[in-house]
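The block underneath contains the structure these notes are about, expressed in structure tokens.
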Amino acid sequence: MAKKIAKKAKAKAAAKRTKVKAKAKPAKRPALKLAKAPRVSSKPWGKDGKALDGIKILDFTHVQSGPTCTQLLAWFGADVIKVERPGQGDITRGQLQDVPNADSLYFTMLNHNKRSITLDSKSKQGMTVLERLVKTCDVLVENFAPGALDRMGLTWERIHSWNPRMVVASVKGFGPGPYEECKVYENVAQCAGGSASTTGFHDGLPLVTGAQIGDSGTGLHLALGIVCALMQRNRTGRGQRVLCAMQDGVLNLCRVKLRDQQRLAHGPLKEYTQFGQGIPFGEAVPRAGNDSGGGQPGVILKCKGWETDPNAYIYFITQAPVWEKICELIGEPGWKTHPDYAKPPARLPRLTEIFGRIERWTMTKTKFEVMNECNALDIPVGPILSMKEIAEEPSLRATGTVVEVDHPTRGKYLSVGNPIKLTDSITEVKRSPLLGEHTDEILSRVLKFTSREIADIKASGATGEAPKAQAAE
Ligand code: CAO
């Protein structure tokens, strides 16, 4: 009997299990958490405003590094209000002037799409205006000498108490450390950031490069820092400080050289031309002439016309994957299989001879003919383009990388447009402002001072003289 009951209970339990199984729903996947975002726009691409619409920048920058940064932000749609000292303004307005009584190209090419207000920040009324600017804007960008902003009375603590949402972004020459108080210009940064010691030929002087990696390079870094700080503010509600030291910015761009410094501890840098020439390496990364930083042997070679044209040259890289095509092209098919030339390690000690042979071929053609013939075979080469050729290049005009801008006092001039292309935030390059051109409209429309208050501010001399009639377009 007991056995019968146990059997029955077992059968019941089994039936229950089957029932449960039948009832059981498939395991639920955890729901995908989609990022919260506004509805997807149905407006045509490029017709739904700009990336940084609504962001106001208090632009306290001058010379090159800071203005590069705020120009980029302005191109992406931020309202950039450039605060300049009455009478003089940004010192570059008068530097390297080519047209008398007109803002220099130095200034106009770095300050597009901005508004200018003149303000003596060291006067009482000037500080009243600045306070309202701080309370109204999202970001303050400056590249004064170390301590200058504090001396003006605009300490981080004060700014943060006036507007805790404000991002305060600075370019300085050096970060905290022994040199933090130093004033720094472009070439100082190139030297201190490791660029100069690694640029030039191994038996020559250190060289600075024409690319403004200290100024414009650091401005570019700062712009990224600002956009990140604004993104974080969306979550935290508070602003923060952003610092880009020019030494750090240059070093970041010289990253491959710090890589080579460490490789040097494990033996000579075999892809450097000096290895093939049998020149011993010292303790520090040497200047590598025109060697490529990526490890693929590359040099600058003469092209047809080099005797008279200083830019009739081409950068040629003997990339391993296209070596056989190069051999065919230059008429050395035997090198494809010859043990002295077939493999990259065998070629390293023979690079001078190999490039000499390639140059005998490039010298029979213009740099553009070399470019066309090589690219047809996927062999990467770089024609040395002069600034004249770049200025006249139709494809750069078509993409807005080179733009013609009209200016009321200097007329038409060429500038470099926004090199960063967004499909839904199209850059329109607008001329730089005249000194103090927007003082009135900023005081009244942006900062909402009454006409009585504006009259008082002006009478105090805080904004300097009103711009002349020709200043308004
Ligand atoms: N109203 C009143 N005073 C103003 C003003 C205004 N609107 N704008 C600037 N000033 C004052 C500053 O407060 C400062 O006064 P103090 O010296 O009394 O504090 C003064 O003008 C000079 O400013 P500065 O020291 O920044 O300018 P400088 O020409 O002597 O130095 C530079 C220029 C670039 C070397 C320095 O600003 C610097 O090292 N900046 C950081 C690094 C940098 O950006 N370098 C790149 C420059 S581009 O090659």
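Each chain in the structure tokens gets a letter, A, B and so on, in the order shown; residues start at 1 in every chain, and ligands are counted from 1 in the order they appear.
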(request) Name all residues at most 12 Å from region 268-283 of chain A (count only C-alpha atoms; drop same-chain ones fewer than 2 positions away) and give them as JSON, numbers by chain. (result) {"A": [201, 202, 203, 257, 259, 260, 261, 262, 263, 264, 265, 266, 285, 286, 287, 288, 289, 290, 291, 292, 293, 294, 295, 296, 297, 298, 299, 317, 318, 319, 344, 345, 346, 347, 348, 349, 350, 351, 352, 353, 354, 355]}
Go ahead and dump the residues you just picked, C-alpha atoms, as a PDB file, in the first residue's frame.
ATOM      1  CA  PHE A 201      68.748  65.882 -40.832  1.00  0.00           C
ATOM      2  CA  HIS A 202      70.900  63.895 -38.422  1.00  0.00           C
ATOM      3  CA  ASP A 203      73.979  65.964 -39.161  1.00  0.00           C
ATOM      4  CA  LYS A 257      59.209  59.740 -31.558  1.00  0.00           C
ATOM      5  CA  ARG A 259      57.948  55.320 -29.243  1.00  0.00           C
ATOM      6  CA  ASP A 260      61.300  55.276 -31.068  1.00  0.00           C
ATOM      7  CA  GLN A 261      63.131  56.567 -27.974  1.00  0.00           C
ATOM      8  CA  GLN A 262      62.096  53.392 -26.187  1.00  0.00           C
ATOM      9  CA  ARG A 263      62.811  51.115 -29.160  1.00  0.00           C
ATOM     10  CA  LEU A 264      66.331  52.546 -29.209  1.00  0.00           C
ATOM     11  CA  ALA A 265      67.058  50.753 -25.926  1.00  0.00           C
ATOM     12  CA  HIS A 266      66.648  47.461 -27.812  1.00  0.00           C
ATOM     13  CA  VAL A 285      66.101  59.650 -31.059  1.00  0.00           C
ATOM     14  CA  PRO A 286      67.986  61.348 -33.888  1.00  0.00           C
ATOM     15  CA  ARG A 287      66.623  63.705 -36.513  1.00  0.00           C
ATOM     16  CA  ALA A 288      65.378  61.456 -39.263  1.00  0.00           C
ATOM     17  CA  GLY A 289      65.341  63.758 -42.273  1.00  0.00           C
ATOM     18  CA  ASN A 290      62.393  62.772 -44.434  1.00  0.00           C
ATOM     19  CA  ASP A 291      62.085  59.221 -43.154  1.00  0.00           C
ATOM     20  CA  SER A 292      58.494  58.221 -42.526  1.00  0.00           C
ATOM     21  CA  GLY A 293      57.348  57.855 -38.935  1.00  0.00           C
ATOM     22  CA  GLY A 294      55.424  54.671 -39.704  1.00  0.00           C
ATOM     23  CA  GLY A 295      58.440  52.451 -40.321  1.00  0.00           C
ATOM     24  CA  GLN A 296      57.961  52.147 -44.090  1.00  0.00           C
ATOM     25  CA  PRO A 297      61.072  53.507 -45.818  1.00  0.00           C
ATOM     26  CA  GLY A 298      60.259  56.791 -47.559  1.00  0.00           C
ATOM     27  CA  VAL A 299      62.195  59.741 -49.011  1.00  0.00           C
ATOM     28  CA  ILE A 317      57.359  55.165 -49.971  1.00  0.00           C
ATOM     29  CA  THR A 318      58.621  51.657 -50.682  1.00  0.00           C
ATOM     30  CA  GLN A 319      55.684  49.991 -48.962  1.00  0.00           C
ATOM     31  CA  PRO A 344      62.048  44.377 -46.622  1.00  0.00           C
ATOM     32  CA  PRO A 345      64.912  43.387 -44.220  1.00  0.00           C
ATOM     33  CA  ALA A 346      67.225  42.742 -47.200  1.00  0.00           C
ATOM     34  CA  ARG A 347      66.373  46.150 -48.621  1.00  0.00           C
ATOM     35  CA  LEU A 348      67.075  48.152 -45.432  1.00  0.00           C
ATOM     36  CA  PRO A 349      70.873  48.408 -45.847  1.00  0.00           C
ATOM     37  CA  ARG A 350      70.410  49.198 -49.576  1.00  0.00           C
ATOM     38  CA  LEU A 351      67.843  51.981 -49.342  1.00  0.00           C
ATOM     39  CA  THR A 352      70.185  54.668 -50.719  1.00  0.00           C
ATOM     40  CA  GLU A 353      70.838  52.587 -53.827  1.00  0.00           C
ATOM     41  CA  ILE A 354      67.158  51.626 -54.182  1.00  0.00           C
ATOM     42  CA  PHE A 355      65.844  55.175 -53.858  1.00  0.00           C
TER      43      PHE A 355
END
Those of region 228-384 of chain A in DSSP strand (DSSP E), formatted as a compact mmCIF listing (two decimals) with C-alpha atoms, in the first residue's frame:
# COMPACT_ATOMS: atom_id res chain seq x y z
CA ARG A 241 38.35 73.68 -16.03
CA VAL A 242 40.05 72.50 -19.24
CA LEU A 243 43.78 73.00 -19.65
CA CYS A 244 45.90 72.34 -22.71
CA ALA A 245 49.60 73.02 -22.36
CA GLY A 298 60.26 56.79 -47.56
CA VAL A 299 62.20 59.74 -49.01
CA ILE A 300 61.68 62.86 -51.11
CA LEU A 301 62.77 62.39 -54.71
CA LYS A 302 63.42 64.79 -57.57
CA TYR A 313 59.64 66.73 -55.78
CA ILE A 314 57.61 63.75 -54.63
CA TYR A 315 57.52 61.74 -51.41
CA PHE A 316 58.00 58.10 -52.30
CA ILE A 317 57.36 55.16 -49.97
CA VAL A 381 53.12 58.97 -53.13
CA GLY A 382 52.97 62.62 -52.06
CA PRO A 383 53.57 65.45 -54.53
(message) Can you tell me which residues surround Ser104 (chain A) at a distance of at most 10 Å, considering only C-alpha atoms, apart from same-chain residues fewer than 5 positions away, and format the answer as a PyMOL selection string?
(response) chain A and resi 92-99+109+410
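Near Val405 (chain A), within 10 Å and counting only C-alpha atoms, sit Thr108, Met109, His112, Gly411, Lys412, Tyr413, Leu414, Ser415, Val416, Gly417, Val429, Lys430, Arg431 and Ser432 of chain A, not including residues fewer than 4 positions from it in the same chain.
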(message) Taking only C-alpha atoms and all ligand atoms and a cut-off of 7 Å, can you tell me which residues surround ligand 1, written as an MDAnalysis selection string?
(response) chainID A and resid 63:66 83:86 118:122 143:149 151:152 171:173 182:186 215
(request) Among the residues of region 59-218 of chain A, find those DSSP assigns to helix (DSSP H, G or I) from the backbone and print them as a count of residues only. (result) 58
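For the set A:Thr423, A:Thr128, A:Asn187, A:Thr68, the residue with the smallest atom-to-atom gap to Gly219 (chain A) is A:Thr68, counting only C-alpha atoms.
One finds CA of Phe76 (chain A) at 8.9 Å from CA of Leu422 (chain A).
Distances to Cys69 (chain A) were evaluated for A:Thr198, A:Thr337, A:Ser123, A:Asn418 using only C-alpha atoms, and the minimum falls at A:Asn418.
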(request) Please identify all polymer residues within 12 Å of Thr427 (chain A), counting only C-alpha atoms, omitting same-chain residues fewer than 2 positions from it, and present them as a PyMOL selection string. (result) chain A and resi 46-47+49-52+71-78+112-113+399-401+403+416-425+429-430
(request) For Val129 (chain A), work out the shell of residues within 12 Å, counting only C-alpha atoms and skipping chain neighbours fewer than 4 positions away, then give it as a ChimeraX atom specification. (result) /A:58,83,117-125,133-136,439,442-444,446-449,453-454,456-458,462-463
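Interatomic distance, CA of Ser195 (chain A) against CA of Leu258 (chain A): 10.4 Å.
Between Phe60 (chain A) and the residues A:Pro176, A:Gly193, A:Pro44, A:Gly89, the shortest atom-to-atom distance, using only C-alpha atoms, involves A:Gly89.
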